[in-house]
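J.: Sharing structure-v7.pdb below, PDB, C-alpha atoms:
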ATOM      1  CA  MET A   1      37.938 -45.371  33.576
ATOM      2  CA  ALA A   2      37.907 -43.602  30.238
ATOM      3  CA  ALA A   3      35.626 -44.984  27.565
ATOM      4  CA  SER A   4      38.559 -45.449  25.203
ATOM      5  CA  SER A   5      40.677 -47.576  27.569
ATOM      6  CA  GLU A   6      40.511 -51.362  27.686
ATOM      7  CA  PRO A   7      38.835 -52.593  30.907
ATOM      8  CA  GLN A   8      41.141 -54.569  33.201
ATOM      9  CA  GLN A   9      40.097 -57.438  35.480
ATOM     10  CA  PRO A  10      39.417 -55.977  38.963
ATOM     11  CA  ALA A  11      40.035 -57.545  42.351
ATOM     12  CA  ASP A  12      36.324 -57.554  43.188
ATOM     13  CA  LEU A  13      33.617 -56.034  40.941
ATOM     14  CA  TRP A  14      34.055 -54.597  37.476
ATOM     15  CA  LYS A  15      33.679 -50.815  37.286
ATOM     16  CA  VAL A  16      33.790 -48.967  33.965
ATOM     17  CA  ASP A  17      32.600 -45.596  32.739
ATOM     18  CA  ALA A  18      28.968 -45.652  31.577
ATOM     19  CA  SER A  19      30.111 -44.430  28.158
ATOM     20  CA  THR A  20      32.157 -47.602  27.610
ATOM     21  CA  ASP A  21      31.250 -49.424  24.407
ATOM     22  CA  ALA A  22      28.111 -51.518  24.949
ATOM     23  CA  ALA A  23      29.736 -54.624  23.465
ATOM     24  CA  LYS A  24      32.523 -54.469  26.082
ATOM     25  CA  ILE A  25      29.953 -54.043  28.844
ATOM     26  CA  LEU A  26      27.983 -57.048  27.592
ATOM     27  CA  LYS A  27      31.142 -59.179  27.491
ATOM     28  CA  ILE A  28      31.799 -58.452  31.169
ATOM     29  CA  LEU A  29      28.130 -58.958  32.042
ATOM     30  CA  ASN A  30      28.164 -62.380  30.391
ATOM     31  CA  GLU A  31      31.331 -63.351  32.254
ATOM     32  CA  ASP A  32      30.653 -62.004  35.758
ATOM     33  CA  GLY A  33      26.899 -61.448  35.717
ATOM     34  CA  CYS A  34      27.291 -57.881  37.007
ATOM     35  CA  ILE A  35      29.145 -54.631  36.421
ATOM     36  CA  VAL A  36      29.124 -51.073  37.823
ATOM     37  CA  LEU A  37      28.650 -48.338  35.208
ATOM     38  CA  GLU A  38      30.075 -45.138  36.638
ATOM     39  CA  ARG A  39      28.721 -41.641  35.927
ATOM     40  CA  PHE A  40      25.523 -42.752  34.201
ATOM     41  CA  LEU A  41      23.811 -39.642  35.653
ATOM     42  CA  ASN A  42      25.320 -36.288  36.553
ATOM     43  CA  GLU A  43      24.574 -34.327  39.721
ATOM     44  CA  SER A  44      21.849 -32.114  38.235
ATOM     45  CA  GLN A  45      20.056 -35.141  36.776
ATOM     46  CA  ILE A  46      20.172 -36.938  40.126
ATOM     47  CA  GLN A  47      18.745 -33.889  41.868
ATOM     48  CA  ALA A  48      15.962 -33.526  39.295
ATOM     49  CA  ILE A  49      14.846 -37.144  39.652
ATOM     50  CA  ASN A  50      14.993 -37.051  43.451
ATOM     51  CA  LYS A  51      13.008 -33.798  43.460
ATOM     52  CA  ASP A  52      10.295 -35.411  41.335
ATOM     53  CA  ILE A  53       9.882 -38.409  43.621
ATOM     54  CA  ASP A  54      10.654 -37.044  47.112
ATOM     55  CA  ALA A  55       7.074 -36.088  48.004
ATOM     56  CA  ALA A  56       5.538 -39.292  46.646
ATOM     57  CA  ILE A  57       8.016 -41.689  48.280
ATOM     58  CA  ALA A  58       7.584 -39.868  51.605
ATOM     59  CA  LYS A  59       3.929 -41.001  51.602
ATOM     60  CA  VAL A  60       4.791 -44.654  50.986
ATOM     61  CA  ASN A  61       4.742 -46.973  53.995
ATOM     62  CA  PRO A  62       7.682 -49.367  54.299
ATOM     63  CA  GLY A  63       7.108 -53.074  53.953
ATOM     64  CA  LEU A  64       4.547 -55.204  52.171
ATOM     65  CA  GLU A  65       0.992 -54.827  53.447
ATOM     66  CA  VAL A  66      -0.229 -58.094  51.906
ATOM     67  CA  GLY A  67       1.429 -61.457  51.362
ATOM     68  CA  ASP A  68       2.965 -64.186  53.502
ATOM     69  CA  GLU A  69       6.009 -63.921  55.748
ATOM     70  CA  ARG A  70       8.371 -65.083  53.005
ATOM     71  CA  GLN A  71       7.163 -62.333  50.683
ATOM     72  CA  LYS A  72       7.359 -59.723  53.432
ATOM     73  CA  GLU A  73      10.935 -60.752  54.208
ATOM     74  CA  PHE A  74      11.854 -60.469  50.534
ATOM     75  CA  PHE A  75      10.345 -56.991  50.079
ATOM     76  CA  GLY A  76      11.776 -55.745  53.386
ATOM     77  CA  ASN A  77       9.854 -54.460  56.398
ATOM     78  CA  GLN A  78      11.873 -51.225  56.416
ATOM     79  CA  THR A  79      12.062 -50.850  52.637
ATOM     80  CA  LYS A  80       9.889 -48.494  50.588
ATOM     81  CA  ARG A  81       8.956 -49.379  47.006
ATOM     82  CA  MET A  82       7.164 -47.184  44.470
ATOM     83  CA  ASN A  83       6.236 -47.758  40.825
ATOM     84  CA  ASN A  84       4.597 -45.702  38.021
ATOM     85  CA  LEU A  85       7.687 -43.523  37.586
ATOM     86  CA  VAL A  86       6.797 -42.460  34.049
ATOM     87  CA  THR A  87       3.787 -40.605  35.459
ATOM     88  CA  ARG A  88       5.595 -39.343  38.550
ATOM     89  CA  SER A  89       8.888 -38.123  37.089
ATOM     90  CA  ASP A  90       9.541 -36.448  33.749
ATOM     91  CA  ALA A  91      13.204 -36.315  34.763
ATOM     92  CA  PHE A  92      13.293 -40.120  35.041
ATOM     93  CA  THR A  93      11.956 -40.432  31.499
ATOM     94  CA  ALA A  94      14.249 -37.755  30.064
ATOM     95  CA  HIS A  95      17.497 -38.723  31.797
ATOM     96  CA  ILE A  96      17.168 -42.522  31.914
ATOM     97  CA  LEU A  97      14.347 -44.069  29.904
ATOM     98  CA  ASP A  98      14.731 -41.987  26.742
ATOM     99  CA  THR A  99      18.519 -41.885  26.462
ATOM    100  CA  ASP A 100      20.724 -43.392  23.775
ATOM    101  CA  ILE A 101      23.026 -44.944  26.368
ATOM    102  CA  PHE A 102      20.130 -46.913  27.892
ATOM    103  CA  HIS A 103      18.712 -48.109  24.563
ATOM    104  CA  ASN A 104      22.113 -48.925  23.067
ATOM    105  CA  LEU A 105      22.836 -51.117  26.064
ATOM    106  CA  CYS A 106      19.435 -52.863  25.920
ATOM    107  CA  ALA A 107      19.808 -53.437  22.177
ATOM    108  CA  GLU A 108      23.256 -54.980  22.656
ATOM    109  CA  ILE A 109      21.912 -57.349  25.306
ATOM    110  CA  PHE A 110      18.613 -58.381  23.705
ATOM    111  CA  ILE A 111      18.296 -57.665  19.981
ATOM    112  CA  ARG A 112      20.670 -60.310  18.610
ATOM    113  CA  GLU A 113      19.391 -63.053  20.923
ATOM    114  CA  SER A 114      15.692 -62.208  21.326
ATOM    115  CA  GLY A 115      14.814 -59.653  18.652
ATOM    116  CA  SER A 116      13.255 -56.978  20.851
ATOM    117  CA  TYR A 117      12.968 -55.753  24.431
ATOM    118  CA  TRP A 118      10.619 -53.861  26.702
ATOM    119  CA  LEU A 119      10.413 -52.666  30.275
ATOM    120  CA  ASN A 120       9.562 -55.203  32.955
ATOM    121  CA  SER A 121       9.318 -52.690  35.807
ATOM    122  CA  ALA A 122      10.676 -49.368  37.027
ATOM    123  CA  GLN A 123      10.636 -49.077  40.789
ATOM    124  CA  VAL A 124      12.100 -46.781  43.413
ATOM    125  CA  ILE A 125      13.621 -48.879  46.196
ATOM    126  CA  GLU A 126      14.607 -47.118  49.417
ATOM    127  CA  ILE A 127      16.148 -49.350  52.090
ATOM    128  CA  GLY A 128      15.601 -47.875  55.542
ATOM    129  CA  HIS A 129      17.442 -48.125  58.852
ATOM    130  CA  GLY A 130      17.506 -51.588  60.356
ATOM    131  CA  ASN A 131      16.359 -53.471  57.290
ATOM    132  CA  PRO A 132      18.087 -56.874  57.288
ATOM    133  CA  PRO A 133      19.797 -58.338  54.217
ATOM    134  CA  GLN A 134      17.419 -59.415  51.485
ATOM    135  CA  PRO A 135      17.390 -63.146  50.683
ATOM    136  CA  LEU A 136      19.677 -63.929  47.770
ATOM    137  CA  HIS A 137      17.786 -64.449  44.551
ATOM    138  CA  ARG A 138      17.927 -64.269  40.775
ATOM    139  CA  ASP A 139      15.703 -61.769  39.023
ATOM    140  CA  MET A 140      14.659 -64.568  36.683
ATOM    141  CA  ASP A 141      13.395 -66.700  39.601
ATOM    142  CA  ASN A 142       9.781 -66.081  38.529
ATOM    143  CA  ASN A 143      10.441 -67.517  35.061
ATOM    144  CA  ARG A 144      10.357 -71.261  35.683
ATOM    145  CA  ALA A 145      10.961 -72.257  32.070
ATOM    146  CA  ALA A 146      14.110 -70.127  31.818
ATOM    147  CA  MET A 147      15.357 -71.263  35.234
ATOM    148  CA  LYS A 148      15.251 -74.896  34.074
ATOM    149  CA  LEU A 149      17.575 -74.028  31.176
ATOM    150  CA  GLY A 150      20.209 -72.736  33.592
ATOM    151  CA  PRO A 151      23.224 -70.723  32.407
ATOM    152  CA  ALA A 152      22.817 -71.835  28.775
ATOM    153  CA  GLY A 153      19.384 -70.252  28.453
ATOM    154  CA  ALA A 154      18.581 -66.878  26.920
ATOM    155  CA  GLU A 155      18.893 -63.723  29.019
ATOM    156  CA  VAL A 156      15.297 -63.087  30.100
ATOM    157  CA  ASN A 157      15.969 -60.219  32.476
ATOM    158  CA  VAL A 158      18.564 -57.594  33.304
ATOM    159  CA  ASN A 159      18.293 -55.062  36.095
ATOM    160  CA  LEU A 160      19.835 -51.595  36.159
ATOM    161  CA  LEU A 161      20.048 -50.314  39.734
ATOM    162  CA  VAL A 162      20.415 -46.565  39.230
ATOM    163  CA  ALA A 163      21.871 -45.107  42.439
ATOM    164  CA  LEU A 164      20.078 -41.956  43.620
ATOM    165  CA  THR A 165      22.177 -41.943  46.813
ATOM    166  CA  ASP A 166      25.625 -43.380  47.423
ATOM    167  CA  PHE A 167      25.691 -47.158  47.910
ATOM    168  CA  THR A 168      27.889 -48.199  50.843
ATOM    169  CA  GLU A 169      28.247 -51.470  52.682
ATOM    170  CA  ALA A 170      26.853 -49.730  55.779
ATOM    171  CA  ASN A 171      23.678 -48.389  54.146
ATOM    172  CA  GLY A 172      22.655 -51.563  52.342
ATOM    173  CA  ALA A 173      24.579 -51.683  49.067
ATOM    174  CA  THR A 174      23.359 -54.556  46.911
ATOM    175  CA  ARG A 175      25.329 -57.733  47.586
ATOM    176  CA  VAL A 176      26.172 -60.077  44.731
ATOM    177  CA  ILE A 177      27.941 -63.357  44.000
ATOM    178  CA  PRO A 178      29.913 -62.661  40.807
ATOM    179  CA  LYS A 179      29.920 -65.474  38.240
ATOM    180  CA  SER A 180      26.937 -67.204  39.877
ATOM    181  CA  ASN A 181      25.307 -66.756  36.478
ATOM    182  CA  HIS A 182      27.371 -69.823  35.485
ATOM    183  CA  ASP A 183      26.171 -72.099  38.307
ATOM    184  CA  ALA A 184      25.163 -75.482  36.898
ATOM    185  CA  ASP A 185      21.864 -75.725  38.784
ATOM    186  CA  PHE A 186      19.899 -72.503  39.286
ATOM    187  CA  TYR A 187      17.334 -74.207  41.516
ATOM    188  CA  ASN A 188      19.559 -76.056  43.961
ATOM    189  CA  ASP A 189      22.825 -74.125  44.015
ATOM    190  CA  PRO A 190      23.988 -72.884  47.447
ATOM    191  CA  ARG A 191      22.954 -69.301  48.142
ATOM    192  CA  ASP A 192      25.681 -68.468  50.604
ATOM    193  CA  PRO A 193      25.739 -64.821  51.821
ATOM    194  CA  ALA A 194      29.393 -65.278  52.830
ATOM    195  CA  LYS A 195      30.305 -65.397  49.139
ATOM    196  CA  THR A 196      28.731 -62.016  48.349
ATOM    197  CA  LEU A 197      30.444 -58.713  47.650
ATOM    198  CA  PRO A 198      28.886 -55.267  48.221
ATOM    199  CA  ALA A 199      28.292 -53.168  45.092
ATOM    200  CA  GLU A 200      29.529 -49.891  46.541
ATOM    201  CA  MET A 201      29.121 -46.939  44.174
ATOM    202  CA  LYS A 202      28.383 -43.232  43.967
ATOM    203  CA  ALA A 203      25.036 -41.595  43.311
ATOM    204  CA  GLY A 204      24.601 -41.494  39.548
ATOM    205  CA  ASP A 205      26.317 -44.847  38.991
ATOM    206  CA  VAL A 206      24.425 -47.939  37.815
ATOM    207  CA  PHE A 207      24.802 -51.528  38.975
ATOM    208  CA  LEU A 208      23.922 -53.703  35.982
ATOM    209  CA  ILE A 209      22.870 -57.229  36.958
ATOM    210  CA  SER A 210      22.116 -60.252  34.806
ATOM    211  CA  GLY A 211      18.870 -62.008  35.667
ATOM    212  CA  LYS A 212      20.999 -65.130  36.162
ATOM    213  CA  VAL A 213      23.233 -63.811  38.953
ATOM    214  CA  LEU A 214      22.570 -64.199  42.699
ATOM    215  CA  HIS A 215      22.182 -60.928  44.578
ATOM    216  CA  GLY A 216      20.132 -59.161  47.254
ATOM    217  CA  GLY A 217      19.835 -55.845  49.058
ATOM    218  CA  GLY A 218      22.228 -55.404  51.972
ATOM    219  CA  ARG A 219      21.633 -54.532  55.626
ATOM    220  CA  ASN A 220      21.213 -50.813  56.337
ATOM    221  CA  THR A 221      22.910 -49.978  59.641
ATOM    222  CA  THR A 222      22.746 -46.204  59.058
ATOM    223  CA  HIS A 223      19.917 -43.725  59.554
ATOM    224  CA  ILE A 224      19.991 -42.662  55.905
ATOM    225  CA  GLY A 225      17.821 -44.385  53.308
ATOM    226  CA  ARG A 226      19.660 -46.098  50.456
ATOM    227  CA  ARG A 227      17.681 -45.075  47.367
ATOM    228  CA  CYS A 228      17.802 -46.329  43.800
ATOM    229  CA  ILE A 229      15.639 -46.946  40.774
ATOM    230  CA  ALA A 230      15.488 -50.620  39.830
ATOM    231  CA  LEU A 231      14.991 -50.647  36.084
ATOM    232  CA  SER A 232      14.219 -54.155  34.881
ATOM    233  CA  VAL A 233      14.334 -54.937  31.143
ATOM    234  CA  GLN A 234      13.412 -58.148  29.332
ATOM    235  CA  PRO A 235      12.672 -59.610  25.888
ATOM    236  CA  ALA A 236       9.314 -58.599  24.403
ATOM    237  CA  PHE A 237       8.097 -62.208  24.434
ATOM    238  CA  VAL A 238       8.101 -62.290  28.260
ATOM    239  CA  THR A 239       5.146 -60.856  30.215
ATOM    240  CA  PRO A 240       6.221 -57.770  32.202
ATOM    241  CA  GLU A 241       5.730 -57.358  35.930
ATOM    242  CA  GLU A 242       4.358 -53.828  35.746
ATOM    243  CA  ALA A 243       1.138 -53.056  33.808
ATOM    244  CA  PHE A 244       2.304 -49.775  32.284
ATOM    245  CA  CYS A 245      -0.686 -49.392  29.958
ATOM    246  CA  PHE A 246      -2.950 -49.169  33.028
ATOM    247  CA  GLU A 247      -0.634 -46.827  34.947
ATOM    248  CA  VAL A 248       0.319 -44.397  32.207
ATOM    249  CA  SER A 249      -2.553 -42.431  30.698
ATOM    250  CA  LEU A 250      -3.049 -42.222  26.942
ATOM    251  CA  ASP A 251      -2.524 -38.459  27.134
ATOM    252  CA  LYS A 252       0.809 -39.013  28.868
ATOM    253  CA  ALA A 253       1.799 -41.733  26.416
ATOM    254  CA  LYS A 254       1.241 -39.391  23.476
ATOM    255  CA  THR A 255       3.917 -37.046  24.873
ATOM    256  CA  LEU A 256       6.576 -39.786  24.942
ATOM    257  CA  SER A 257       8.979 -40.719  22.167
ATOM    258  CA  LYS A 258       8.107 -43.754  20.054
ATOM    259  CA  ARG A 259      10.944 -45.805  21.547
ATOM    260  CA  VAL A 260       9.653 -45.143  25.075
ATOM    261  CA  GLN A 261       6.082 -45.879  23.997
ATOM    262  CA  LYS A 262       7.306 -49.175  22.612
ATOM    263  CA  ILE A 263       9.089 -50.391  25.750
ATOM    264  CA  LEU A 264       6.016 -49.455  27.818
ATOM    265  CA  GLY A 265       3.674 -51.502  25.631
ATOM    266  CA  PHE A 266       2.033 -48.700  23.651
ATOM    267  CA  ARG A 267       3.506 -50.047  20.395
ATOM    268  CA  SER A 268       3.937 -53.530  18.959
ATOM    269  CA  HIS A 269       7.168 -55.473  18.520
ATOM    270  CA  PHE A 270       8.219 -57.137  15.279
ATOM    271  CA  PRO A 271      11.376 -59.178  15.904
ATOM    272  CA  ASP A 272      13.026 -60.843  12.904
ATOM    273  CA  ASP A 273      11.017 -63.805  11.577
ATOM    274  CA  SER A 274       8.102 -62.875  13.816
ATOM    275  CA  MET A 275       4.512 -62.121  12.844
ATOM    276  CA  GLY A 276       4.423 -59.586  15.625
ATOM    277  CA  ILE A 277       4.046 -59.360  19.412
ATOM    278  CA  TRP A 278       1.525 -57.300  21.393
ATOM    279  CA  MET A 279      -0.518 -56.298  18.350
ATOM    280  CA  ALA A 280      -3.900 -54.585  18.006
ATOM    281  CA  ASP A 281      -6.359 -55.434  15.228
ATOM    282  CA  VAL A 282      -3.663 -57.488  13.450
ATOM    283  CA  GLY A 283      -1.425 -54.460  13.276
ATOM    284  CA  ASP A 284       0.870 -52.181  15.236
ATOM    285  CA  ALA A 285      -0.804 -51.109  18.482
ATOM    286  CA  GLY A 286       0.859 -47.737  18.043
ATOM    287  CA  TYR A 287      -2.033 -46.549  15.878
ATOM    288  CA  LEU A 288      -4.122 -46.368  19.047
ATOM    289  CA  VAL A 289      -1.702 -43.818  20.467
ATOM    290  CA  ASP A 290      -1.265 -41.935  17.215
ATOM    291  CA  SER A 291      -4.986 -41.578  16.534
ATOM    292  CA  ALA A 292      -6.285 -41.846  20.113
ATOM    293  CA  VAL A 293      -9.195 -44.015  18.914
ATOM    294  CA  ALA A 294     -10.585 -47.005  20.681
ATOM    295  CA  LEU A 295     -10.097 -50.443  19.162
ATOM    296  CA  LYS A 296     -13.442 -51.647  17.789
ATOM    297  CA  LEU A 297     -14.158 -55.326  17.460
ATOM    298  CA  ASP A 298     -16.824 -56.862  15.222
TER
END
Do you think you could lay out the structure here as structure tokens?

T.:
Amino acid sequence: MAASSEPQQPADLWKVDASTDAAKILKILNEDGCIVLERFLNESQIQAINKDIDAAIAKVNPGLEVGDERQKEFFGNQTKRMNNLVTRSDAFTAHILDTDIFHNLCAEIFIRESGSYWLNSAQVIEIGHGNPPQPLHRDMDNNRAAMKLGPAGAEVNVNLLVALTDFTEANGATRVIPKSNHDADFYNDPRDPAKTLPAEMKAGDVFLISGKVLHGGGRNTTHIGRRCIALSVQPAFVTPEEAFCFEVSLDKAKTLSKRVQKILGFRSHFPDDSMGIWMADVGDAGYLVDSAVALKLD
């Protein structure tokens, strides 16, 4: 769909070009809880990112080595997961994390409501052959306070599933219950897999999911891994899942743009009417990156 055309209600899942106006995308996200953004990456960008991560993901064992059976089922015994992408892939940073299209979208979702945003996690997820469907969940399930507020609460998480391979129903395309972001009770609503639809899309497309919508990885019945980058974004007042400041070296951080430094926690946030979030020495933590000096306390 061309960016200039008005999106029309689809029979199943919304699909629009990634260049569609961010306000239109947010309107659909608020209504349905999910939307496919087509052609977010081009072929050369996909190849560059996959080339950066191929060797590292090949060394990752599938499944969760620690945790109880419920956690292992959620993470998937035949699913590989890998973090620290800023260190592992310059192409990921250049073609996703430091792009206007990504930041314009995040700003549209979070700035007006919450004042600022940063990265919650960036993770390669590769669903392997035989992995069963993931239990349906909301990405905001870990935030108990927000869950209690239900659909009327602020958006505390959105997830961009950036497809690095095609997503098909056979290879484990993410399954979703559109409009479940409006369920009255987020804790006790039925999580019925029969109500889900597969988010089938091409490599380079993005499946944008509200933290309020029910979804889960599908069953992979093929012998080809279904690979994506799950890029989770949230307001700056919520603690992130991934400790980027411990993963990304100061030397690496100094090579990144200020907007990327900020969403990774190397700079402070100053939302409207706020005294500041994530500060250092009662000031912007960015001076630590700019001067590469250690913070000294009296």

J.: On this structure, the PyMOL selection byres ((chain A and resi 182) around 8) would catch which residues? List them as a list in words, sorted by chain and number.

T.: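 Evaluating the PyMOL selection byres ((chain A and resi 182) around 8) on these coordinates yields Gly150, Pro151, Lys179, Ser180, Asn181, Asp183, Ala184 and Lys212 of chain A.
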
J.: If you measure from atom CA of Val156 of chain A to atom CA of Trp14 of chain A, what distance in Å do you get, rounded to one decimal?

T.: 21.9 Å

J.: Within 10 Å of segment 257-279 of chain A, which residues of segment 20-109 of chain A show up? Give each one with its shortest atom-to-atom distance in Å (one decimal) and the two atoms involved, counting only C-alpha atoms, rows by chain then rising residue number, as JSON lines.

T.:
{"residue": "A:Val86", "atom": "CA", "partner": "A:Leu264", "partner_atom": "CA", "distance": 9.4}
{"residue": "A:Thr93", "atom": "CA", "partner": "A:Val260", "partner_atom": "CA", "distance": 8.3}
{"residue": "A:Ala94", "atom": "CA", "partner": "A:Ser257", "partner_atom": "CA", "distance": 9.9}
{"residue": "A:Leu97", "atom": "CA", "partner": "A:Val260", "partner_atom": "CA", "distance": 6.8}
{"residue": "A:Asp98", "atom": "CA", "partner": "A:Val260", "partner_atom": "CA", "distance": 6.2}
{"residue": "A:Thr99", "atom": "CA", "partner": "A:Val260", "partner_atom": "CA", "distance": 9.5}
{"residue": "A:His103", "atom": "CA", "partner": "A:Arg259", "partner_atom": "CA", "distance": 8.6}

J.: What is the distance between atom CA of Asn157 of chain A and atom CA of Arg175 of chain A, in Å to one decimal?

T.: 17.9 Å

J.: For the point (20.3, -37.9, 40.7) in the file's frame, write as a PyMOL selection string all residues with an atom no more than 9 Å away, counting all atoms listed in the file.

T.: chain A and resi 41-51+162-165+203-204

J.: If the PyMOL selection byres ((chain A and resi 33) around 8) were run on this exact file, what residues would it hold? Put them as a compact mmCIF listing (two decimals) with C-alpha atoms, in the coordinates of the input.

T.:
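Output (result.txt):
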# COMPACT_ATOMS: atom_id res chain seq x y z
CA ILE A 28 31.80 -58.45 31.17
CA LEU A 29 28.13 -58.96 32.04
CA ASN A 30 28.16 -62.38 30.39
CA GLU A 31 31.33 -63.35 32.25
CA ASP A 32 30.65 -62.00 35.76
CA CYS A 34 27.29 -57.88 37.01
CA ILE A 35 29.14 -54.63 36.42
CA PRO A 178 29.91 -62.66 40.81
CA LYS A 179 29.92 -65.47 38.24
CA SER A 180 26.94 -67.20 39.88
CA ASN A 181 25.31 -66.76 36.48
CA ILE A 209 22.87 -57.23 36.96
CA SER A 210 22.12 -60.25 34.81
CA LYS A 212 21.00 -65.13 36.16
CA VAL A 213 23.23 -63.81 38.95

J.: Which value, in Å to one decimal, gives the distance between atom CA of Asn84 of chain A and atom CA of Cys106 of chain A?

T.: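 For atom CA of Asn84 of chain A relative to atom CA of Cys106 of chain A, the distance reads 20.4 Å.
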
J.: Given the choices A:Gly216, A:Phe40, A:Val238, A:Val176, which gets closest to Ala145 of chain A if the distance is worked out from all atoms listed in the file?

T.: A:Val238

J.: To verify the selection step, state as a PDB file with C-alpha atoms, keeping the file's coordinate frame which residues the PyMOL selection byres ((chain A and resi 63) around 10) yields on this input.

T.:
ATOM      1  CA  VAL A  60       4.791 -44.654  50.986  1.00  0.00           C
ATOM      2  CA  ASN A  61       4.742 -46.973  53.995  1.00  0.00           C
ATOM      3  CA  PRO A  62       7.682 -49.367  54.299  1.00  0.00           C
ATOM      4  CA  LEU A  64       4.547 -55.204  52.171  1.00  0.00           C
ATOM      5  CA  GLU A  65       0.992 -54.827  53.447  1.00  0.00           C
ATOM      6  CA  VAL A  66      -0.229 -58.094  51.906  1.00  0.00           C
ATOM      7  CA  GLN A  71       7.163 -62.333  50.683  1.00  0.00           C
ATOM      8  CA  LYS A  72       7.359 -59.723  53.432  1.00  0.00           C
ATOM      9  CA  GLU A  73      10.935 -60.752  54.208  1.00  0.00           C
ATOM     10  CA  PHE A  74      11.854 -60.469  50.534  1.00  0.00           C
ATOM     11  CA  PHE A  75      10.345 -56.991  50.079  1.00  0.00           C
ATOM     12  CA  GLY A  76      11.776 -55.745  53.386  1.00  0.00           C
ATOM     13  CA  ASN A  77       9.854 -54.460  56.398  1.00  0.00           C
ATOM     14  CA  GLN A  78      11.873 -51.225  56.416  1.00  0.00           C
ATOM     15  CA  THR A  79      12.062 -50.850  52.637  1.00  0.00           C
ATOM     16  CA  LYS A  80       9.889 -48.494  50.588  1.00  0.00           C
ATOM     17  CA  ARG A  81       8.956 -49.379  47.006  1.00  0.00           C
ATOM     18  CA  ILE A 127      16.148 -49.350  52.090  1.00  0.00           C
ATOM     19  CA  ASN A 131      16.359 -53.471  57.290  1.00  0.00           C
TER      20      ASN A 131
END
